[in-house]
Amino acid sequence: MNPERWQELKRVFQDALEVPRENRDLYLRDACADDELRQEVAALLASEQDSTDFLSGSAVSYLPQDAQSGTGRRIGAFLIVREIGAGGMGTVYLAERESDFRQRVAVKLIRADVASGETVRRFTIERQTLAALHHPRIVRLIDGGTTDDGLPYLVVDYVEGVHIDKFCDAHKLGVEERLKLFMEVCGAVHYAHQSLIVHCDLKPSNILVTGEGVPMLLDFGIAKLLDPGSMGLETEMALTRQRAFTPRYASPEQLSGRPVTTAADVYALGVILYELLTGLSPYSAGDLASPAAWIKSVCEADAPAPSTTIPVETPERNSRALRGDLDAIALKALRKDPRDRYGSVDQMAEDIRRHLSGQPVLARKNTTPYVIRKFLARHKIGVAAAAVVLMAIGAGLASTLWEARIAARRFEDVRNLAHTFLFDIHDSIENLPGSTAARSLIAQTGTSYLDRLARDARGDSGLQLELAEGYLKIGDVEGNQFRPNLGDTSKAVESYRKALPIAESVASGNRKDLHARRVLAQAHMDLAGALPFTGKTEEAFEHARKAEQLFRELLAPGDRESRTDLRRAYETEGDILGGARDINLGREEEARAAYKESLLLVAEPGAGEQDATARISLEMKLADMDDRAGRAADALKQYQDMLARAEELARGNPNNIRVQGMVVVLLNRIASAQTALRQGPEALENYRRAIEIDESILAADPRNDKARSGLEVANKNLGDHYYYDTGDIPRALACYRRVAELLDGQARADPGNIVARLHLSEIRTGIASCLVKTGHVAEARRETLLGLEIAKALADRPGATAEQVYNYAYLAINADPEDLRDAAAVLPYALKAVEMGHGSDPFALHVLAQTYARAADYRKAIEEDEKALALYPPAEPGKPVPNAQASILQLLKKSRDKLKK
Amino acid sequence: MTSATVTQLLHQLSGGNRQAVDELTPLVYNELKRIAGGQLRSERPGHTLQATALVHEAYLKLVDQRDTSWQNRAHFFGVAAQVMRRILLDYAKGRRREKRGGGIAAATLDEALVVGDDRTSDLIEIDEVLTRLEKLDERQAKVVELRFFGGLSVEETAEAMGISEPTVKREWAMARAWLHRELASA
């Protein structure tokens, strides 16, 4: 029919409809041009008559009722959409909530034909189990109940996803991504375990991963309840026969019908991990002929390491990636004996996490080389830098400031590193016995590594410099710059000496190589710092001069670092010349000049916190020199001036612990000077302030060594003040005990820490003195002997420093109760102390005097005391005599009196 | 899927962008499917599904109600009717295949749509004939689509198509007659 025809048809038809029925025929004859048209219209009209019902309803009414069982049914508040799976126990349907079709769920309906008592029980358990589990990775139970026909069902979230193994393959996930996914699953399983539920049927098809990459754990159908009572179920309901598991993932104990624990899930996870990593089952190499053979394989044959069996390697997933850690982790989970596996799924996940962050995994034997290798690899900063960090392991943390000295830069850096890294490396060295041992071990390793490197480095100046720097860093590790440990300083010097010629040859080979000159200068600096402790103070000074020269040449306008380097060089010179307490050349004037040069290089005040603190610390050294020379009043004035500035600095930098620490240091200095000048109450007040600040710092940051050592100093000084100046013995005792507490903790944490032991020895004897005064003689004796034991051990060590020898002599000759003072035993030490102090240490001289006095050799006693006195400036008339001089005068008087007799 | 999207598409459609229909269709489809299932609250056989209500409800859900343009409503209904036709036919064809033992029903519409006697084949035939009518008279076929598949009233159809009610009636009458005759003679 063509369009025109149609239109005509239409027109006639529609007009005809308007005509009353009886007239239509007539109309048609009139309207139609031809017979054919007339016939068609007539037919249509007739049809129109007949079709009153036609299309009267809506099209939807033509659809049939669906007669399939289940589908279309309403279960609870849900309407079933279609079947999505069928298992042994029941059928799973996709359904939608009636009232809100956006919510899609999975309804698991028990199969009518297998609905025995057993399956019903299982269903109930599954429902109860799921009801108890609320975890983002475990499918959520929404509802449950029984249908009108009495069939139990449960309703869970509908998870649209893919089996985890297929997901990994489809998305071509690499090892790391697979591990991360796996870890999420572990989290869910672990959660279930914590709710005392063992899944018992973990397998890839029970772990779906959604399109967004979210893994979900399903099907707790045969889960075992470890504590059915807590679920409100009676014990009989707990199924004891667990044979309805998937053999491929079943643990040996499941297969042999032995009791099942959470370890079974660990095992299954191990199989899953193995498969995710290699694509193979752990036992695919074994005999798979029959179930019996399979069971035998699982129960007896050891699975081969994943890295050895991976058949298809990709750039991301290859045997190299699996070798080592992952091999160990997977195999540990697959151990036959449940006790040999990971104790919990959580541990397994943790080990994987450790692997991913480069830390050592538990599954591997914790051999030291492995640990170190891991650590170095992880930080990727090269052996040289690593050595610096590793120093933090050891007693380097113990920045015991017996005299609150400001730390040298390197030490500060190391300490900062320590705080940053300690946490990280704590795990690494956990199993290493004592941090000092660890330190020396690492230093050893480092040194031998460098020695080997030295052989290969010839000709390669870049590598040689790296080598030189490495030796310098190792030297730092071996000899704590701040308070050298026994024997280690010489090792440090050794390392530094190795660095020097290397740096020299590189620097002289190329005058333009600034980096080489810097390294050379640093080598000189390091030697200058360490040599005094081995008694080679003159040589040390030479190196300091050379360092100064080199740094001056490297000085570039506007370059902060080169300025700082030169500044430190001058400071070191000053230290050696006369500033350092134990070891100096006694050239006070030159020392001052050096410090003043150093001060010139500090930027103007207001230039920043760093510079302000550098200035203060230099000024403190100058003031310290005054103090030691007996000019306590001068020193005090200077300290007070510095304190004002330091406090302002602290106010401007409230979170800067270093600045706070500086305030404390100054407070201690001031208090100590005031004590010497007999300004008791003021001293007390300042000690209290210092203690207050430090206690709050320590409370906020228990690892803060500066605060802790500050507390040690302050409490000791306060204790001394109470003991010597106010005679308040109980308070003195309290202070000393606090010190002992702090030191003890330190010493126990690091048995190799010489300095802590040194101070502990002193404190013990101090406590003993108090105890004697309060009448607890027996206890006092014990404390003293303990203290002296420690002190003597330190003094006896080869390479003991002057201070350590002096310490023993001093404590021994001043021991309480008095009968412990053995002059004969002490004498050699006292003599040695004087010798080591080059005859210019008034304290050592006085101790010698005391020893002689005790031995009743008063002539010699007077001799030594006079020498000591001569080193102090004359006492100012009218002003109280400083403590140190007072006690000398006291002894002198006594000796002279005795001599007269 | 937000009402904003559907509204936008309808705007486009009334602005002359025929392609908007392609985008609208799946959105409407989903909504109708959902509603269709929701309409049935009991398993009583013979329960008739009110297509009109279906479309209306879909309209309420999909179109931004602040948009009171009659044109959009009309267009929506036009699209919805089309979609309904598709949905129903797909289902019907799926069922037919199954009946003939030719594989699993590709049920695009949820089996939740439960209705009366089995007249699926009829529906398919009606659709086929309607397709022939479309070639002869597009407007007339559209009326059928809206009224029969979309379940719209004469008034609503008139509104949706932008023609008068009497015209709708005339077209409807002829369409029915013709379709009936075609089916009877087949």
# chains A, B, ... in the order shown; residues from 1 in each chain; ligands from 1

$ residues_around --residues "A:Arg651" --least-positions-apart "4" --cutoff "9 Å" --atoms "only C-alpha atoms" --output "list in words"
Ala646, Glu647 and Gln660 of chain A

$ write_last_selection --atoms "all heavy atoms" --output "tab-separated table (two decimals), in the first residue's frame"
chain	number	residue	atom	x	y	z
A	646	ALA	N	68.28	33.31	76.32
A	646	ALA	CA	67.78	31.96	76.05
A	646	ALA	C	66.29	31.85	76.34
A	646	ALA	O	65.54	31.21	75.60
A	646	ALA	CB	68.55	30.93	76.88
A	647	GLU	N	65.88	32.51	77.42
A	647	GLU	CA	64.46	32.44	77.76
A	647	GLU	C	63.61	33.13	76.71
A	647	GLU	O	62.52	32.66	76.36
A	647	GLU	CB	64.22	33.06	79.15
A	647	GLU	CG	64.55	32.09	80.26
A	647	GLU	CD	64.39	32.70	81.64
A	647	GLU	OE1	64.63	33.91	81.78
A	647	GLU	OE2	64.04	31.95	82.56
A	660	GLN	N	64.65	24.87	74.63
A	660	GLN	CA	64.22	24.65	76.03
A	660	GLN	C	65.37	24.06	76.83
A	660	GLN	O	65.62	24.44	77.98
A	660	GLN	CB	63.05	23.66	76.06
A	660	GLN	CG	61.85	24.05	75.25
A	660	GLN	CD	60.97	25.03	75.99
A	660	GLN	OE1	61.20	25.32	77.16
A	660	GLN	NE2	60.00	25.56	75.29

$ residues_around --residues "stretch 164-176 of chain B" --least-positions-apart "4" --cutoff "6 Å" --atoms "only C-alpha atoms" --output "PyMOL selection string"
chain B and resi 140+158+180

$ write_last_selection --atoms "C-alpha atoms" --output "mmCIF file, in the first residue's frame"
data_model
loop_
_atom_site.group_PDB
_atom_site.id
_atom_site.type_symbol
_atom_site.label_atom_id
_atom_site.label_comp_id
_atom_site.auth_asym_id
_atom_site.auth_seq_id
_atom_site.Cartn_x
_atom_site.Cartn_y
_atom_site.Cartn_z
ATOM 1 C CA GLN B 140 -1.065 6.459 14.133
ATOM 2 C CA ALA B 158 -2.980 14.102 23.026
ATOM 3 C CA HIS B 180 -7.187 -6.294 14.412
#

$ residues_around --residues "stretch 839-852 of chain A" --least-positions-apart "6" --cutoff "7 Å" --atoms "only C-alpha atoms" --output "list in words"
Tyr806, Ala809, Tyr810, Ile813, Ala823, Val826, Leu827, Ala830, Leu831, Ala833, Tyr858, Lys860, Ala861, Ile862, Glu864, Asp865, Ala868, Leu871 and Ile888 of chain A

$ write_last_selection --atoms "C-alpha atoms" --output "PDB file, in the first residue's frame"
ATOM      1  CA  TYR A 806      89.785  10.675  88.846  1.00  0.00           C
ATOM      2  CA  ALA A 809      90.026   8.097  93.181  1.00  0.00           C
ATOM      3  CA  TYR A 810      87.635  10.780  94.322  1.00  0.00           C
ATOM      4  CA  ILE A 813      88.919   8.553  99.099  1.00  0.00           C
ATOM      5  CA  ALA A 823      94.506   5.276 100.822  1.00  0.00           C
ATOM      6  CA  VAL A 826      93.549   4.767  95.912  1.00  0.00           C
ATOM      7  CA  LEU A 827      97.020   6.247  95.643  1.00  0.00           C
ATOM      8  CA  ALA A 830      95.113   9.539  92.368  1.00  0.00           C
ATOM      9  CA  LEU A 831      98.628   9.832  91.013  1.00  0.00           C
ATOM     10  CA  ALA A 833      94.670  11.278  87.677  1.00  0.00           C
ATOM     11  CA  TYR A 858     100.566  15.275 105.542  1.00  0.00           C
ATOM     12  CA  LYS A 860     102.760  15.545 100.624  1.00  0.00           C
ATOM     13  CA  ALA A 861      99.128  16.394 101.217  1.00  0.00           C
ATOM     14  CA  ILE A 862      99.955  20.019 101.833  1.00  0.00           C
ATOM     15  CA  GLU A 864      99.508  18.914  96.486  1.00  0.00           C
ATOM     16  CA  ASP A 865      96.825  21.082  98.002  1.00  0.00           C
ATOM     17  CA  ALA A 868      95.790  23.031  93.640  1.00  0.00           C
ATOM     18  CA  LEU A 871      95.524  27.277  90.260  1.00  0.00           C
ATOM     19  CA  ILE A 888      91.105  22.636  99.843  1.00  0.00           C
TER      20      ILE A 888
END

$ atom_distance --atom1 "atom CA of A:Asp100" --atom2 "atom CA of A:Asp157"
14.1 Å

$ atom_distance --atom1 "atom CA of B:Phe76" --atom2 "atom CA of B:Val143"
14.4 Å
